[in-house]
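Okay, structure first, notes after.
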Amino acid sequence: MTELRSRMQGRVCLVTGATAGIGEVTALELARLGATVIIVGRNAQKCATVVARIKAQTNNPNLDHMVADLSRQRDIRQLVLQFKQKYTQLHVLINNAGATFSTRQMTAEGFEMTWALNHLNYFLLTHLLLDLLKASAPARIINVSSGAHLMGEIDFDNLQGEKRFRGFGQYSNSKLANVLFTYELARRLEGTGVTANVLHPGMVASNFGTNNGWIWRCVIRIAMNFFSLSVEEGASTSLYLATSPAVETVNGQYFDKKKAVPSSKVSYNTATAARLWTVSETMTGIK
């Protein structure tokens with residue numbers, strides 16, 4: 001712990017989806033290690049409450065929050081502008097925000113909600129912060145995916161559920177996109193001093209999925225009662241990838257329970273990853 005504290009002192013960490021669940025625990029433990037932690041959430045009051053709670057628990061004054069709805073690309077761009085006006089370094093980016101939606105919903109910008117929040121958010125936010133991450137190297141990008149990616153597919157004719165939509169199926173597809181994006185990003189980051197890894201946090205006892213009505217809430221709650229991990233256990237792999245010297249140069253790996261393990265067969269398809277990258281650039285206006 002002493003070694004980790006000395007390593008994390010002065011390091012700047014940005015954690016999305018950090019007002020509850022594993023995101024909040026991740027932010028708390030990074031702050032406990034002495035890092036400067038900026039949390040991102042949709043609700044300003046929740047963000048302020050979490051920051052105050054973490055400060056009180058850790059005696060670390062270097063906590064900050066920024067407000068953005070990460071399903072909206074306009075908000076992501078504004079978030080990055082705000083961040084760069086205030087901070088000149090970024091050592092750890094944890095893309096943690098995500099959700100599942102039982103019915104097909106569209107964002108104000110015309111994207112399917114699951115795809116926008118779970119994939120395009122990771123892609124755009126990471127791209128807009130890459131210059132800062134490279135300038136702060138060694139730096140780490142940690143993308144929270146899910147074991148659900150094993151059931152996912154990338155159908156370029158139905159990326160946003162245009163032809164058929166299943167709530168959990170679309171979630172699984174977006175989590176596969178997280179893995180493909182991470183692997184392609186890692187290839188492109190070789191030699192920069194910035195690493196990118198992706199993880200499965202496990203089924204965590206949190207409020208995940210409870211935005212989808214009483215049937216979903218009941219199903220998820222029953223499953224969690226029997227199979228779930230605590231939020232502390234769920235956050236452990238994110239924290240390991242953000243802080244451990246053992247993975248300082250590890251790049252382009254999928255982790256579960258702090259160990260690099262194989263992801264799905266399709267996730268290693270470099271042609272699919274490259275095409276997804278190009279499509280995502282178009283969807284986010286990167287080019």
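Residue numbering restarts at 1 for every chain of the structure tokens, chains are lettered A, B, ... in their displayed order, and ligands are numbered from 1 as they appear.
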Using only C-alpha atoms, which residues of segment 107-181 of chain A come within 10 Å of segment 74-90 of chain A, and what is the closest atom pair for each, with the distance in Å to one decimal? Give it as CSV, sorted by chain and residue number.
```
residue,atom,partner,partner_atom,distance
A:Glu109,CA,A:Arg74,CA,8.7
A:Asn121,CA,A:Ile76,CA,7.5
A:Tyr122,CA,A:Ile76,CA,9.8
A:Leu124,CA,A:Ile76,CA,7.5
A:Leu125,CA,A:Ile76,CA,6.3
A:Thr126,CA,A:Val80,CA,9.7
A:Leu128,CA,A:Val80,CA,6.8
A:Leu129,CA,A:Val80,CA,7.0
A:Leu130,CA,A:Leu90,CA,9.2
A:Asp131,CA,A:Leu90,CA,9.5
A:Leu132,CA,A:Leu90,CA,6.0
A:Leu133,CA,A:Leu90,CA,5.3
A:Lys134,CA,A:Leu90,CA,8.6
A:Ala135,CA,A:Gln89,CA,7.3
A:Ser136,CA,A:Gln89,CA,5.5
A:Ala137,CA,A:Leu90,CA,8.5
A:Pro138,CA,A:Leu90,CA,9.7
A:Ala139,CA,A:Leu90,CA,7.3
A:Arg140,CA,A:Leu90,CA,9.0
```
Would you pick out the contacts of segment 169-173 of chain A at 6 Å or less, using only C-alpha atoms, so that residues sharing its chain but fewer than 2 positions from it are not included, and give the list as a compact mmCIF listing (two decimals) with N, CA and C atoms, in the first residue's frame?
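Saved file out_29.txt follows:
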```
# COMPACT_ATOMS: atom_id res chain seq x y z
N THR A 100 -27.80 -0.64 -19.71
CA THR A 100 -28.55 -1.48 -20.62
C THR A 100 -29.97 -0.97 -20.70
N ALA A 148 -20.57 -10.35 -20.93
CA ALA A 148 -21.66 -10.41 -21.90
C ALA A 148 -21.15 -10.27 -23.33
N HIS A 149 -19.93 -9.77 -23.49
CA HIS A 149 -19.39 -9.62 -24.86
C HIS A 149 -19.27 -10.98 -25.55
N MET A 151 -21.44 -13.10 -25.88
CA MET A 151 -22.68 -13.34 -26.62
C MET A 151 -22.93 -12.29 -27.68
N GLY A 152 -21.99 -11.35 -27.83
CA GLY A 152 -22.19 -10.25 -28.75
C GLY A 152 -21.78 -10.58 -30.18
N GLU A 153 -22.25 -9.75 -31.09
CA GLU A 153 -21.85 -9.82 -32.49
C GLU A 153 -21.79 -8.41 -33.04
N ARG A 166 -32.88 -6.36 -29.49
CA ARG A 166 -33.09 -7.08 -28.23
C ARG A 166 -32.25 -6.36 -27.19
N GLY A 167 -32.84 -6.00 -26.09
CA GLY A 167 -32.15 -5.17 -25.11
C GLY A 167 -30.82 -5.74 -24.66
N LYS A 175 -20.71 -4.29 -25.61
CA LYS A 175 -19.58 -4.73 -24.79
C LYS A 175 -18.51 -5.43 -25.64
N LEU A 176 -18.94 -6.13 -26.69
CA LEU A 176 -17.97 -6.67 -27.65
C LEU A 176 -17.26 -5.52 -28.36
```
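Residues of segment 9-124 of chain A carrying a DSSP assignment of strand (DSSP E or B), computed from the backbone, are Val12, Cys13, Leu14, Val15, Thr16, Thr36, Val37, Ile38, Ile39, Val40, Gly41, Leu63, Asp64, His65, Met66, Val67, Val92, Leu93, Ile94, Asn95, Met106 and Glu112 of chain A.
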Hey, can you spit out that residue selection with N, CA and C atoms as a compact mmCIF listing (two decimals), in the first residue's frame?
```txt
# COMPACT_ATOMS: atom_id res chain seq x y z
N VAL A 12 -3.13 12.08 -12.10
CA VAL A 12 -4.48 12.58 -12.39
C VAL A 12 -5.29 11.46 -13.03
N CYS A 13 -6.45 11.16 -12.42
CA CYS A 13 -7.30 10.06 -12.87
C CYS A 13 -8.71 10.57 -13.16
N LEU A 14 -9.24 10.20 -14.31
CA LEU A 14 -10.61 10.55 -14.69
C LEU A 14 -11.43 9.27 -14.74
N VAL A 15 -12.54 9.26 -13.99
CA VAL A 15 -13.38 8.07 -13.88
C VAL A 15 -14.80 8.45 -14.28
N THR A 16 -15.33 7.81 -15.32
CA THR A 16 -16.70 8.10 -15.73
C THR A 16 -17.67 7.16 -15.03
N THR A 36 -5.10 12.49 -7.67
CA THR A 36 -6.08 13.52 -8.00
C THR A 36 -7.16 12.84 -8.84
N VAL A 37 -8.40 12.88 -8.37
CA VAL A 37 -9.48 12.12 -9.01
C VAL A 37 -10.58 13.06 -9.46
N ILE A 38 -10.94 12.94 -10.74
CA ILE A 38 -12.05 13.70 -11.29
C ILE A 38 -13.12 12.70 -11.68
N ILE A 39 -14.31 12.84 -11.12
CA ILE A 39 -15.41 11.94 -11.46
C ILE A 39 -16.35 12.62 -12.43
N VAL A 40 -16.99 11.81 -13.26
CA VAL A 40 -17.94 12.32 -14.24
C VAL A 40 -19.28 11.64 -14.03
N GLY A 41 -20.33 12.43 -13.99
CA GLY A 41 -21.68 11.89 -13.87
C GLY A 41 -22.67 12.82 -14.52
N LEU A 63 -10.09 16.15 -5.10
CA LEU A 63 -11.25 15.54 -5.74
C LEU A 63 -12.02 16.61 -6.50
N ASP A 64 -12.52 16.24 -7.65
CA ASP A 64 -13.25 17.20 -8.48
C ASP A 64 -14.33 16.43 -9.23
N HIS A 65 -15.32 17.14 -9.73
CA HIS A 65 -16.33 16.49 -10.56
C HIS A 65 -16.66 17.35 -11.76
N MET A 66 -17.09 16.68 -12.82
CA MET A 66 -17.55 17.34 -14.02
C MET A 66 -18.83 16.66 -14.47
N VAL A 67 -19.76 17.45 -14.98
CA VAL A 67 -21.09 16.95 -15.31
C VAL A 67 -21.23 16.79 -16.81
N VAL A 92 -4.51 8.47 -15.96
CA VAL A 92 -5.39 7.29 -15.97
C VAL A 92 -6.78 7.72 -16.43
N LEU A 93 -7.26 7.09 -17.50
CA LEU A 93 -8.64 7.29 -17.95
C LEU A 93 -9.38 5.97 -17.78
N ILE A 94 -10.44 5.99 -16.97
CA ILE A 94 -11.25 4.79 -16.76
C ILE A 94 -12.62 5.03 -17.36
N ASN A 95 -12.87 4.40 -18.50
CA ASN A 95 -14.19 4.46 -19.15
C ASN A 95 -15.07 3.40 -18.49
N MET A 106 -33.62 6.44 -28.56
CA MET A 106 -32.70 7.22 -29.36
C MET A 106 -32.23 8.46 -28.59
N GLU A 112 -28.81 5.21 -31.33
CA GLU A 112 -29.43 4.30 -30.38
C GLU A 112 -28.70 4.41 -29.05
```
Checklist line | Selection near Tyr183 of chain A, 9 Å with only C-alpha atoms, sequence-local residues under 5 positions removed, as a VMD selection string | finding: chain A and resid 178 188 196 to 198 251 to 254 267 to 268 270 273
Item checked: Two-atom distance - atom CA of Met113 of chain A, atom CA of Ser145 of chain A (Å) ->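 Atom CA of Ser145 of chain A lies at a distance of 16.4 Å from atom CA of Met113 of chain A.
Of the residues in segment 138-173 of chain A, those given alpha helix (DSSP H) by DSSP on the backbone are A:Gly167, A:Phe168, A:Gly169, A:Gln170, A:Tyr171, A:Ser172, A:Asn173.
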Output of the above residues as a compact mmCIF listing (two decimals), in the first residue's frame, restricted to C-alpha atoms:
```
# COMPACT_ATOMS: atom_id res chain seq x y z
CA GLY A 167 -32.15 -5.17 -25.11
CA PHE A 168 -29.59 -7.57 -23.69
CA GLY A 169 -28.41 -8.50 -27.15
CA GLN A 170 -27.63 -4.88 -27.94
CA TYR A 171 -25.86 -4.55 -24.60
CA SER A 172 -23.75 -7.61 -25.41
CA ASN A 173 -22.90 -6.16 -28.83
```
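Residue nearest Ala186 of chain A, chosen from A:Pro201, A:Val279, A:Leu150, A:Val250 and counting only C-alpha atoms: A:Val250.
Using only C-alpha atoms for every distance, the candidate list A:Ala99, A:Ala44, A:Ala271, A:Leu241 yields A:Ala271 as the residue closest to Leu180 of chain A.
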